[in-house]
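Visitor: Please find one structure pasted underneath; my questions will follow.
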Amino acid sequence: MTYNLQRVKAPRLSGLPLKIFTALLENRLTRRLLVPGLLKSSGMKAFRLLEPNVEPTGHPPLPEAAPSQPWSPEDGIRLADSAAAAAADHRSPNEPEGLPTVVDFARAYRSGKVSPEQVARRVVEAIEASDRLTPPLRAIISCHPNDVFRQAAESARRLADGTARSVLEGVPVAIKDEMDLEPYPTTVGTVFLGREPAQRDSDVAARLRAAGALLVGKTNMYEIGIAPQGNNPHYGFARNPWNLQHDTGGSSSGCGNAVAAGIVPLAIGADGGGSVRVPAALCGVVGLKATWGRISGGGSAGLCHSVGHVGPLGRSVRDVAIGYAICAGPEQRDPITGHQPDVSLAGLDAPDLSGIRIGIYEPWFQDADTDIVSVCEQRLKDLETAGASLVKVRIDGLEEARLAHAVTILSEMRDAMKDRLAAHRRDFALPTRINLALAEQFTEADYLRAQRIRTQALAEWNRVLSEVDVVVTPATACPAPRLTPGSETTGESDLYTVTSLMHYMIPGNLCGLPAISFPAGFTPDGLPVGLQAIGRHWEEQVLLKVAHVAEHSLPPRKPPVCWNLLDDSD
């Protein structure tokens, strides 16, 4: 087969044209005229001609594995504390001066330089200040200061009496508004869901709370996570701290810009089609999508059950490793997590990449904006200098996988919202309505065909990952898009940008493979560029090792919009 991955070409719509197009697509008569052209331009007409002669796979089948001994959240805390203790005393080269990491917070508390109460006040002040900017950052959409101050006081007492729960004791962490967190409602980016506060933490929030994290609130997100962008007309543009006129990516948009701007060093997002890795790449931070079933989705909105993952975004690879260690592992509320091997951070502090085989599929790697490719090629040289072997590979079926993923995720999101569509269709933002209207055109036969293609994709990636340890690509095919003036109230539909941002994301979700995005450098315009590594099921530690070595090759840099919560000037 030849390289065939496509990006959908369609007009970029916002404002009145978007309103008109949405109305025509939702009208029974005019929809019949529009849908055939839309299906053809998106590739769906060709998709329906495919006849895979394999059995369907309804979700990523995970290799049989078992832990060496029963795993508990306490084991995750011990692993996280060990990773923090192994941190060098000096600042890692990738950590811009003035923007502290998890380990910096832990050291500052234990040295008496600052207290959790001081940091809690600074977090609240930073959130308020970020929304007074012109234009506002819109990272954290819900914060209860009194609850934050209460948590901080409890952390301070534990630190004072020597009963700190973990390295995360008192460290600010934010949660995507797709996962339950007491005492906040879970709106999933809408104006009609989450009318009442959550009565129970999601599994990841519960683990972080048990580790002593300072849970500061809910982050902005693209409505129901249905696109990899940061524009939410209900809660405002999530803007990029490197340039406020540019997008953060999404759908975990507020996680990306909150971490990049220093409001928190760690946030927890969700990824159904790049929604952790895209904002990590565009905001210049690290984002890990673990193996499907590695981190519990219990207490989440359940938007796309067979491709959705929960994962951390952090200031550094070590921050992400700490968040991953605490959140990963079996969880009773999510039976999918019950059959996994030990959570490991083995090799995180290895000095080089000797013995690591990095696969490069050149046509795919090169299929991005010139500035992106140039930056990513330089990082490849650094990885090779660090001892990795670069191996040329071939990966077939990328376009078929893209289409199968589109059918799968949109069908599952449509079904997740089916009980609300009749009563609340007009409460959704216009771009969400367009996506849901398109999803309503997919049939049971389309979904079944998509799962047959998933079977083929799994076989192909198992073959490729038997030849190499990881596959490395750019994280996105374009840098952070410039926001369209005037689309704040209506949102926008831009399928070419959507497919450019998701260009390298799909295999990780369709096949349930772990994948990480980490900083690679900057475009000439000063926008971050991310590099992605995709690995075998359950081998997150290999990805973290590659990313950790890579981050030491970058000079320190911080965004123009940022806050230092450890600044002791007060």
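Just remember, in the structure tokens the first chain shown is A, the second B, etc., residues are 1-based per chain, and ligands are 1-based in the order shown.
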Identify all residues of range 428-552 of chain A in alpha helix (DSSP H) (DSSP on the backbone) and supply them as a PyMOL selection string.
Guide: chain A and resi 430-439+444-467+495-501+506-510+540-551
Visitor: Any idea what's packed within 12 Å of Leu438 in chain A, counting only C-alpha atoms, ignoring anything in its chain fewer than 2 positions away? Could you give it as a VMD selection string?
Guide: chain A and resid 22 25 to 26 31 to 32 34 to 39 42 44 226 406 to 407 409 to 411 413 to 414 431 to 436 440 to 443
Visitor: Write out the residues from the selection above, keeping C-alpha atoms, as a compact mmCIF listing (two decimals), in the first residue's frame.
Guide:
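Full text of out36.txt as output:
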```txt
# COMPACT_ATOMS: atom_id res chain seq x y z
CA THR A 22 -26.14 24.66 10.65
CA LEU A 25 -27.92 20.82 7.80
CA GLU A 26 -30.58 20.37 10.49
CA ARG A 31 -29.99 18.15 4.60
CA ARG A 32 -30.61 15.72 1.73
CA LEU A 34 -25.87 18.77 1.66
CA VAL A 35 -25.08 15.36 3.12
CA PRO A 36 -23.83 13.57 -0.02
CA GLY A 37 -21.21 16.25 -0.66
CA LEU A 38 -20.14 16.30 2.97
CA LEU A 39 -19.75 12.53 3.09
CA SER A 42 -14.82 13.73 4.38
CA MET A 44 -17.04 8.59 3.96
CA ILE A 226 -16.09 16.68 20.08
CA ALA A 406 -14.19 9.27 12.97
CA VAL A 407 -17.16 6.92 12.64
CA ILE A 409 -15.95 8.43 18.12
CA LEU A 410 -18.77 10.45 16.56
CA SER A 411 -21.18 7.53 16.78
CA MET A 413 -20.64 10.66 21.25
CA ARG A 414 -23.97 10.81 19.42
CA PRO A 431 -20.10 23.48 15.60
CA THR A 432 -21.20 20.75 18.02
CA ARG A 433 -24.60 20.65 16.34
CA ILE A 434 -22.91 20.20 12.96
CA ASN A 435 -20.79 17.32 14.23
CA LEU A 436 -23.78 15.63 15.85
CA GLU A 440 -26.59 10.99 12.78
CA GLN A 441 -25.83 10.00 9.18
CA PHE A 442 -23.68 7.06 10.29
CA THR A 443 -25.41 3.70 10.21
```
Visitor: Mind giving me the straight-line distance from CA of Lys113 in chain A to CA of Cys562 in chain A in Å, one decimal?
Guide: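 For CA of Lys113 in chain A relative to CA of Cys562 in chain A, the distance reads 20.6 Å.
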Visitor: For Gln151 in chain A, please output as a ChimeraX atom specification all residues within 9 Å (counting only C-alpha atoms; exclusion window: fewer than 6 positions along the same chain).
Guide: /A:116-117,120,170,212-215
Visitor: Can those selected residues be exported to a file as a JSON list (two decimals), in the first residue's frame so that it contains C-alpha atoms?
Guide:
```json
[["chain", "number", "residue", "atom", "x", "y", "z"],
["A", 116, "PRO", "CA", 0.16, 25.68, 50.88],
["A", 117, "GLU", "CA", -2.06, 28.52, 52.17],
["A", 120, "ALA", "CA", -3.70, 28.56, 47.41],
["A", 170, "GLY", "CA", -0.52, 20.85, 48.67],
["A", 212, "GLY", "CA", -2.91, 15.34, 49.17],
["A", 213, "ALA", "CA", -3.16, 17.30, 45.92],
["A", 214, "LEU", "CA", -4.67, 20.80, 46.10],
["A", 215, "LEU", "CA", -7.61, 20.39, 43.68]]
```
Visitor: Assign secondary structure with DSSP using the backbone only, and return the residues of range 345-414 of chain A in strand (DSSP E) as a PyMOL selection string.
Guide: chain A and resi 357-360+389-392
Visitor: With N, CA and C atoms retained, export the selected residues as a PDB file, in the first residue's frame.
Guide:
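Contents of the output file again31.pdb:
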```
ATOM      1  N   ARG A 357      14.901   1.403  19.836  1.00  0.00           N
ATOM      2  CA  ARG A 357      14.698   1.510  18.389  1.00  0.00           C
ATOM      3  C   ARG A 357      13.501   2.422  18.125  1.00  0.00           C
ATOM      4  N   ILE A 358      13.741   3.518  17.429  1.00  0.00           N
ATOM      5  CA  ILE A 358      12.698   4.495  17.124  1.00  0.00           C
ATOM      6  C   ILE A 358      12.288   4.350  15.665  1.00  0.00           C
ATOM      7  N   GLY A 359      11.019   4.037  15.451  1.00  0.00           N
ATOM      8  CA  GLY A 359      10.505   3.877  14.096  1.00  0.00           C
ATOM      9  C   GLY A 359      10.055   5.194  13.500  1.00  0.00           C
ATOM     10  N   ILE A 360      10.438   5.403  12.235  1.00  0.00           N
ATOM     11  CA  ILE A 360      10.042   6.602  11.496  1.00  0.00           C
ATOM     12  C   ILE A 360       9.395   6.166  10.190  1.00  0.00           C
ATOM     13  N   SER A 389      18.404   4.205  18.094  1.00  0.00           N
ATOM     14  CA  SER A 389      18.561   3.811  16.696  1.00  0.00           C
ATOM     15  C   SER A 389      17.315   4.238  15.926  1.00  0.00           C
ATOM     16  N   LEU A 390      17.503   4.971  14.831  1.00  0.00           N
ATOM     17  CA  LEU A 390      16.383   5.378  13.984  1.00  0.00           C
ATOM     18  C   LEU A 390      16.175   4.319  12.910  1.00  0.00           C
ATOM     19  N   VAL A 391      14.958   3.795  12.834  1.00  0.00           N
ATOM     20  CA  VAL A 391      14.643   2.694  11.933  1.00  0.00           C
ATOM     21  C   VAL A 391      13.486   3.110  11.027  1.00  0.00           C
ATOM     22  N   LYS A 392      13.674   2.966   9.706  1.00  0.00           N
ATOM     23  CA  LYS A 392      12.590   3.267   8.783  1.00  0.00           C
ATOM     24  C   LYS A 392      11.557   2.141   8.835  1.00  0.00           C
TER      25      LYS A 392
END
```
Visitor: Quick one: which range 266-355 of chain A residues come within 10 Å of range 46-64 of chain A, and what is the nearest atom pair for each with the distance in Å to one decimal, counting only C-alpha atoms, rows ordered by chain and ascending number, as a tab-separated table?
Guide:
```
residue	atom	partner	partner_atom	distance
A:Thr291	CA	A:Leu62	CA	8.7
A:Trp292	CA	A:Pro60	CA	7.1
A:Gly293	CA	A:Leu62	CA	8.3
A:His305	CA	A:His59	CA	8.3
A:Ser306	CA	A:His59	CA	4.9
A:Val307	CA	A:His59	CA	7.3
A:Ile336	CA	A:Leu62	CA	9.7
A:His339	CA	A:Glu64	CA	7.3
A:Gln340	CA	A:Glu64	CA	7.7
A:Pro341	CA	A:Glu64	CA	8.7
```
Visitor: List the neighbours of range 481-492 of chain A out to 9 Å using only C-alpha atoms; skip same-chain residues closer than 2 positions along the sequence, and give me the result as a list in words.
Guide: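 Selected residues are Arg12, Leu13, Ser14, Gly15, Leu16, Leu18, Lys19, Asn231, Asn232, Pro233, His234, Gly236, Phe237, Arg239, Leu244, Gln245, His246, Asp247, Thr248, Gly249, Leu282, Ala429, Leu430, Pro431, Cys478, Pro479, Asp494 and Thr497 of chain A.
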Visitor: For Tyr361 in chain A, work out the shell of residues within 8 Å, counting only C-alpha atoms and skipping chain neighbours fewer than 3 positions away, then give it as a PyMOL selection string.
Guide: chain A and resi 364-365+392-395+471
Visitor: Include C-alpha atoms and write out the residues we just selected as a short mmCIF file (atom, residue, chain, number, x, y, z; two decimals), in the first residue's frame.
Guide:
```
data_model
loop_
_atom_site.label_atom_id
_atom_site.label_comp_id
_atom_site.auth_asym_id
_atom_site.auth_seq_id
_atom_site.Cartn_x
_atom_site.Cartn_y
_atom_site.Cartn_z
CA TRP A 364 3.82 10.39 7.48
CA PHE A 365 6.54 12.19 9.44
CA LYS A 392 12.59 3.27 8.78
CA VAL A 393 9.19 1.56 8.97
CA ARG A 394 6.08 1.31 6.81
CA ILE A 395 2.60 1.77 8.31
CA VAL A 471 7.14 5.19 16.59
#
```
Visitor: A:Trp242, A:Leu501, A:Cys511, A:Asp342: which is nearest Gly526 in chain A, counting only C-alpha atoms?
Guide: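 Ranking A:Trp242, A:Leu501, A:Cys511, A:Asp342 by distance to Gly526 in chain A, first place goes to A:Trp242.
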Visitor: Restricting the calculation to only C-alpha atoms, which member of A:Arg318, A:His552, A:Arg294, A:Arg7 is positioned closest to Ala368 in chain A?
Guide: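 For Ala368 in chain A, the nearest of the candidates is A:Arg7.
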Visitor: So which one's closest to Ala211 in chain A, A:Ala325, A:Val259, A:Leu288, A:Ala126? Using only C-alpha atoms, please.
Guide: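 Of all the options, A:Ala325 lies closest to Ala211 in chain A.
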Visitor: I'd like the interatomic distance between CA of Val204 in chain A and CA of Glu551 in chain A, to a tenth of an Å.
Guide: 26.3 Å
Visitor: Got a sec: who's within 10 Å of Ala290 in chain A, counting only C-alpha atoms, leaving out chain neighbours fewer than 5 positions off, as a PDB file with C-alpha atoms, in the first residue's frame?
Guide:
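As a result, part-v4.pdb now contains:
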```pdb
ATOM      1  CA  ASP A 271      -8.225  11.996  25.166  1.00  0.00           C
ATOM      2  CA  ILE A 295      -6.158   4.789  34.062  1.00  0.00           C
ATOM      3  CA  HIS A 309      -8.580   7.715  27.764  1.00  0.00           C
ATOM      4  CA  VAL A 310      -7.768   9.790  30.860  1.00  0.00           C
ATOM      5  CA  GLY A 311      -4.276  11.247  31.203  1.00  0.00           C
ATOM      6  CA  PRO A 312      -2.040  13.890  32.794  1.00  0.00           C
ATOM      7  CA  TYR A 324       0.542   8.931  35.899  1.00  0.00           C
ATOM      8  CA  ALA A 328      -2.864   4.502  36.998  1.00  0.00           C
ATOM      9  CA  GLY A 508      -3.247   5.735  19.761  1.00  0.00           C
ATOM     10  CA  ASN A 509      -6.997   5.955  20.307  1.00  0.00           C
ATOM     11  CA  GLY A 512      -5.513   1.786  22.584  1.00  0.00           C
ATOM     12  CA  LEU A 513      -1.748   2.349  22.375  1.00  0.00           C
ATOM     13  CA  PRO A 514       0.054   4.615  24.848  1.00  0.00           C
ATOM     14  CA  ALA A 515       1.323   7.869  23.359  1.00  0.00           C
ATOM     15  CA  ILE A 516       3.045  10.965  24.687  1.00  0.00           C
ATOM     16  CA  ILE A 534       3.691   5.919  20.341  1.00  0.00           C
ATOM     17  CA  GLY A 535       4.517   2.655  22.109  1.00  0.00           C
ATOM     18  CA  HIS A 537       0.457  -1.583  25.195  1.00  0.00           C
ATOM     19  CA  TRP A 538       1.444  -1.189  28.866  1.00  0.00           C
ATOM     20  CA  GLU A 539       4.885   0.291  28.051  1.00  0.00           C
ATOM     21  CA  GLU A 540       4.327   3.871  29.169  1.00  0.00           C
ATOM     22  CA  GLN A 541       7.694   3.801  30.923  1.00  0.00           C
ATOM     23  CA  LEU A 543       7.657   6.668  26.282  1.00  0.00           C
TER      24      LEU A 543
END
```
Visitor: Rank nothing, just name the residue among A:Gly273, A:Gly112, A:Gly225, A:Pro507 nearest to Gly397 in chain A, using only C-alpha atoms.
Guide: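 Of the candidates, the smallest distance to Gly397 in chain A is held by A:Pro507.
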Visitor: Taking into account only C-alpha atoms, which residue in the set A:Asn243, A:Gln366, A:Thr385, A:Ser493 is nearest to Pro560 in chain A?
Guide: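 The closest residue to Pro560 in chain A is A:Asn243.
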Visitor: Quote the spacing between CA of Arg138 in chain A and CA of Gly250 in chain A in Å to one decimal place.
Guide: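 Those two atoms sit 13.0 Å apart.
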Visitor: Could you check the closest approach to Leu33 in chain A for each of A:Ala459, A:Phe21, A:Glu74, A:Ala281 and tell me which residue wins, using only C-alpha atoms?
Guide: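 Among the listed residues, the smallest separation from Leu33 in chain A belongs to A:Phe21.
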